[in-house]
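A quick write-up on the structure given underneath.
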Amino acid sequence: MKIQENVALAPLTTLQVGGPARFLVEAASEDDVREAVRFAQAKDLPLFVLGGGSNLVVADSGWPGLVLRISILGVKQQEEGGSILFDAGAGVDWDAFVAQAVGKNCAGIECLSGIPGSVGGTPVQNVGAYGQEVSETIESVRALDLKADRIVDLPEQACGFRYRTSIFNTTERGRYIILRVAYRLRPGGTPSLKYADLQKKFGELAGPPSLAQVRDAVLEIRRSKGMVIVPGDADCRSAGSFFKNPVLGEAEFRDLVGRARSKGLSIPSYPALDAQRKVSAAWLVEHSGFAKGFTLGAAGISRKHALALINTGGASAAEIVRLKEKIQRGVQEAWGILLEPEPVFVGF
Ligand SMILES: Cc1cc2nc3c(=O)[nH]c(=O)nc-3n(C[C@H](O)[C@H](O)[C@H](O)COP(=O)(O)OP(=O)(O)OC[C@H]3O[C@@H](n4cnc5c(N)ncnc54)[C@H](O)[C@@H]3O)c2cc1C
């Protein structure tokens, strides 16, 4: 096991802010993970598990303990009845895995094309986009349980998946190190077309589009919104959507509609959001005085997407946090809603 010291974390994240890790270990196997954990425990170091770094804001002071970067690779495949179980290492690049599944004409994750990060990161916030979530296909998650000090296989039902949450980022945060994830996909299955942009795109086809066509369409939509990583493009130097779409109760929603009406506005309605009583966080941000392209120091809002906070170049984590707080205050003053951030804050 190679232990590196004082390793810059910013280049290991998509937002590219933050200070160094005191120690960093790259774990390519389950044994590596166990050894790294023993090292952290022996030295009483706080442990942070790093995947692809695409959902993180690392503090300028960095991480005072051990960063364990998961690079367990390999995808195993097993046919069972009418479906195929893909068992992928936590360090596998997520989009490469989606491409592989679509290439094998297996349905279930095609709408999740282009999302950066690792396989192991996907169960953590129950990654979702364009009407699909990983919880719909995850069969089980293999993880090192730090509390029980053993490797466990958690069935989907034990993971507590909901909108952008699971046990891994709520009740059992910090307890599990995800080693592998098994997804059950449908060979020859039809693609999911729940999202209006996708339905519009394929409206004129006689039959359903192929999985590959849906993947291409998702990638095209994501590119237009700066929601894929394009090296060198500041509009993509983000952690994805910075705020969750708020889920409102009946009274809160009525209050919001009333506030909008008094401003001569109406709350936009999207079937995908309405079904879960969610309101578009992007709309709230844009209608609180924050346009795409807004900047505060070296932090800004992407010119392509109102929900993506970006590092325009050389930003500090403090600048990103200042912008986040300014937007939260603005939205709360205008609409009475506190937006909840989606990325994980590390070392704050
Ligand atoms: C341009 C862009 C677009 C995005 N679009 C979407 C989107 O459409 N939908 C969406 O849901 N997300 C989106 N995201 C957010 C992000 O890509 C996902 O949340 C992704 O799954 C994070 O995975 P990661 O490997 O990068 O995790 P990291 O950012 O490295 O870590 C995120 C959290 O997961 C934990 N973690 C990571 N790996 C493991 C592991 N093996 N075991 C235990 N814990 C682990 C970390 O400790 C941390 O708490 C986007 C991000 C960017 C930059």
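Each chain in the structure tokens gets a letter, A, B and so on, in the order shown; residues start at 1 in every chain, and ligands are counted from 1 in the order they appear.
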
For this session: as a VMD selection string, list the residues of range 41-251 of chain A assigned to strand (DSSP E) by DSSP on the backbone atoms of this structure.
Result: chain A and resid 47 to 50 56 to 58 63 to 70 75 to 80 83 to 89 106 to 107 128 to 129 132 to 133 138 to 145 150 to 155 176 to 187

Set out as JSON lines a contact list for range 113-192 of chain A and range 14-29 of chain A with a cut-off of 12 Å, giving each residue of range 113-192 of chain A that qualifies its closest atom pair and distance in Å to one decimal, counting only C-alpha atoms, ordered by chain and rising residue number.
{"residue": "A:Ile115", "atom": "CA", "partner": "A:Thr14", "partner_atom": "CA", "distance": 11.7}
{"residue": "A:Pro116", "atom": "CA", "partner": "A:Thr14", "partner_atom": "CA", "distance": 8.6}
{"residue": "A:Gly117", "atom": "CA", "partner": "A:Thr14", "partner_atom": "CA", "distance": 9.1}
{"residue": "A:Leu144", "atom": "CA", "partner": "A:Ser29", "partner_atom": "CA", "distance": 11.7}
{"residue": "A:Ile177", "atom": "CA", "partner": "A:Ala27", "partner_atom": "CA", "distance": 11.2}
{"residue": "A:Ile178", "atom": "CA", "partner": "A:Ser29", "partner_atom": "CA", "distance": 11.5}
{"residue": "A:Leu179", "atom": "CA", "partner": "A:Ser29", "partner_atom": "CA", "distance": 8.3}
{"residue": "A:Arg180", "atom": "CA", "partner": "A:Ser29", "partner_atom": "CA", "distance": 10.4}

Excluding Ala308 in chain A and residues on its chain fewer than 5 positions from it, collect all residues at most 7 Å away from it, counting only C-alpha atoms, and give them as a tab-separated table (two decimals) with C-alpha atoms, in the first residue's frame.
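That gives us part37.tsv:
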chain	number	residue	atom	x	y	z
A	238	SER	CA	-18.75	22.47	-11.13
A	240	GLY	CA	-23.24	19.47	-10.96
A	241	SER	CA	-26.47	20.87	-9.58
A	242	PHE	CA	-25.55	22.75	-6.43
A	301	ILE	CA	-23.17	30.52	-11.91
A	302	SER	CA	-22.66	28.55	-15.11

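Candidate residues A:Ile320, A:Ile3, A:Val344, A:Leu339 were compared for distance to ligand 1, and the nearest is A:Val344, using only C-alpha atoms and all ligand atoms.
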
For this session: Please provide as an MDAnalysis selection string all residues within 9 Å of range 206-219 of chain A, with the sequence filter that same-chain residues fewer than 6 positions apart are discarded (counting only C-alpha atoms).
Result: chainID A and resid 98:99 102:103 105:107 110:114 130 188:193 198 227:228

Exercise. Mind pulling up the distance from CA of Gln332 in chain A to CA of Arg254 in chain A?
Worked result: 15.7 Å

Exercise. Smallest atom-to-atom distance to Ile151 in chain A: which of A:Val346, A:Ala299, A:Glu30, A:Phe39, using only C-alpha atoms?
Worked result: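 Ranked by minimum distance to Ile151 in chain A, first place goes to A:Glu30.
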
Exercise. What is the distance, in Å and to one decimal place, between CA of Leu284 in chain A and CA of Lys324 in chain A?
Worked result: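 Taking CA of Leu284 in chain A as the start and CA of Lys324 in chain A as the end point, the length is 13.6 Å.
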
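Proximity to ligand 1 was assessed for A:Tyr195, A:Phe86, A:Tyr176, A:Phe161 counting only C-alpha atoms and all ligand atoms; the smallest distance is recorded for A:Tyr176.
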
Problem set entry | helix (DSSP H, G or I) call set, DSSP backbone run, range 159-300 of chain A, as a PyMOL selection string | chain A and resi 159+167-169+196-202+211-224+234-236+250-262+271-274+281-286

Problem set entry | Nearby residues (only C-alpha atoms) at most 7 Å from range 72-74 of chain A, same-chain spacing under 2 positions excluded, as a list in words | Ala27, Ala28, Ser29, Ile70, Lys76, Ala88, Gly89, Ala90, Gly91 and Val92 of chain A

Residue selection dump (N, CA and C atoms) as a PDB file, in the first residue's frame:
ATOM      1  N   ALA A  27      -6.912   2.752  -3.285  1.00  0.00           N
ATOM      2  CA  ALA A  27      -7.217   1.346  -2.986  1.00  0.00           C
ATOM      3  C   ALA A  27      -7.786   0.662  -4.220  1.00  0.00           C
ATOM      4  N   ALA A  28      -7.048  -0.329  -4.721  1.00  0.00           N
ATOM      5  CA  ALA A  28      -7.476  -1.026  -5.944  1.00  0.00           C
ATOM      6  C   ALA A  28      -8.137  -2.369  -5.638  1.00  0.00           C
ATOM      7  N   SER A  29      -8.170  -2.750  -4.366  1.00  0.00           N
ATOM      8  CA  SER A  29      -8.775  -4.041  -4.002  1.00  0.00           C
ATOM      9  C   SER A  29      -9.408  -3.930  -2.621  1.00  0.00           C
ATOM     10  N   ILE A  70     -11.042   5.283  -3.941  1.00  0.00           N
ATOM     11  CA  ILE A  70     -11.437   3.934  -4.331  1.00  0.00           C
ATOM     12  C   ILE A  70     -11.204   3.739  -5.826  1.00  0.00           C
ATOM     13  N   LYS A  76     -18.364  -7.633 -13.715  1.00  0.00           N
ATOM     14  CA  LYS A  76     -18.728  -9.037 -13.976  1.00  0.00           C
ATOM     15  C   LYS A  76     -20.174  -9.066 -14.439  1.00  0.00           C
ATOM     16  N   ALA A  88     -20.295  -4.287 -10.691  1.00  0.00           N
ATOM     17  CA  ALA A  88     -19.199  -3.376 -11.076  1.00  0.00           C
ATOM     18  C   ALA A  88     -18.403  -2.925  -9.853  1.00  0.00           C
ATOM     19  N   GLY A  89     -17.087  -2.840 -10.017  1.00  0.00           N
ATOM     20  CA  GLY A  89     -16.205  -2.334  -8.962  1.00  0.00           C
ATOM     21  C   GLY A  89     -16.516  -0.865  -8.703  1.00  0.00           C
ATOM     22  N   ALA A  90     -16.392  -0.455  -7.418  1.00  0.00           N
ATOM     23  CA  ALA A  90     -16.771   0.911  -7.039  1.00  0.00           C
ATOM     24  C   ALA A  90     -15.938   1.964  -7.769  1.00  0.00           C
ATOM     25  N   GLY A  91     -14.742   1.595  -8.219  1.00  0.00           N
ATOM     26  CA  GLY A  91     -13.881   2.586  -8.872  1.00  0.00           C
ATOM     27  C   GLY A  91     -14.092   2.699 -10.376  1.00  0.00           C
ATOM     28  N   VAL A  92     -14.995   1.886 -10.914  1.00  0.00           N
ATOM     29  CA  VAL A  92     -15.254   1.957 -12.362  1.00  0.00           C
ATOM     30  C   VAL A  92     -15.875   3.313 -12.685  1.00  0.00           C
TER      31      VAL A  92
END

Exercise. CA of Ser316 in chain A and CA of Arg173 in chain A, how far apart in Å?
Worked result: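 According to the coordinates, CA of Arg173 in chain A and CA of Ser316 in chain A are separated by 26.2 Å.
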
Problem set entry | All residues 7 Å or closer to Thr312 in chain A, only C-alpha atoms, same chain fewer than 2 positions away omitted, as number ranges by chain | A: 234, 298-300, 310, 314-315

For this session: Show which residues sit within 9 Å of Ala318 in chain A, as an NGL selection string. Count only C-alpha atoms, and ignore same-chain residues fewer than 5 positions away.
Result: :A and (18 or 59-60 or 323)

Exercise. Using only C-alpha atoms, which of the listed residues (A:Gly121, A:Ala282, A:Leu296, A:Val49) sits closest to Arg175 in chain A?
Worked result: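 Residue with the minimum atom-to-atom distance to Arg175 in chain A: A:Val49.
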
For this session: Name the closest residue to ligand 1 among the candidates A:Arg329, A:Arg186, A:Arg69, A:Lys104; distances are taken between atoms, counting only C-alpha atoms and all ligand atoms.
Result: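 Smallest distance to ligand 1 is found for A:Arg69.
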
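When only C-alpha atoms and all ligand atoms are used to compute distances to ligand 1, the closest of the residues A:Ala36, A:Ala182, A:Val152, A:Ile229 turns out to be A:Ile229.
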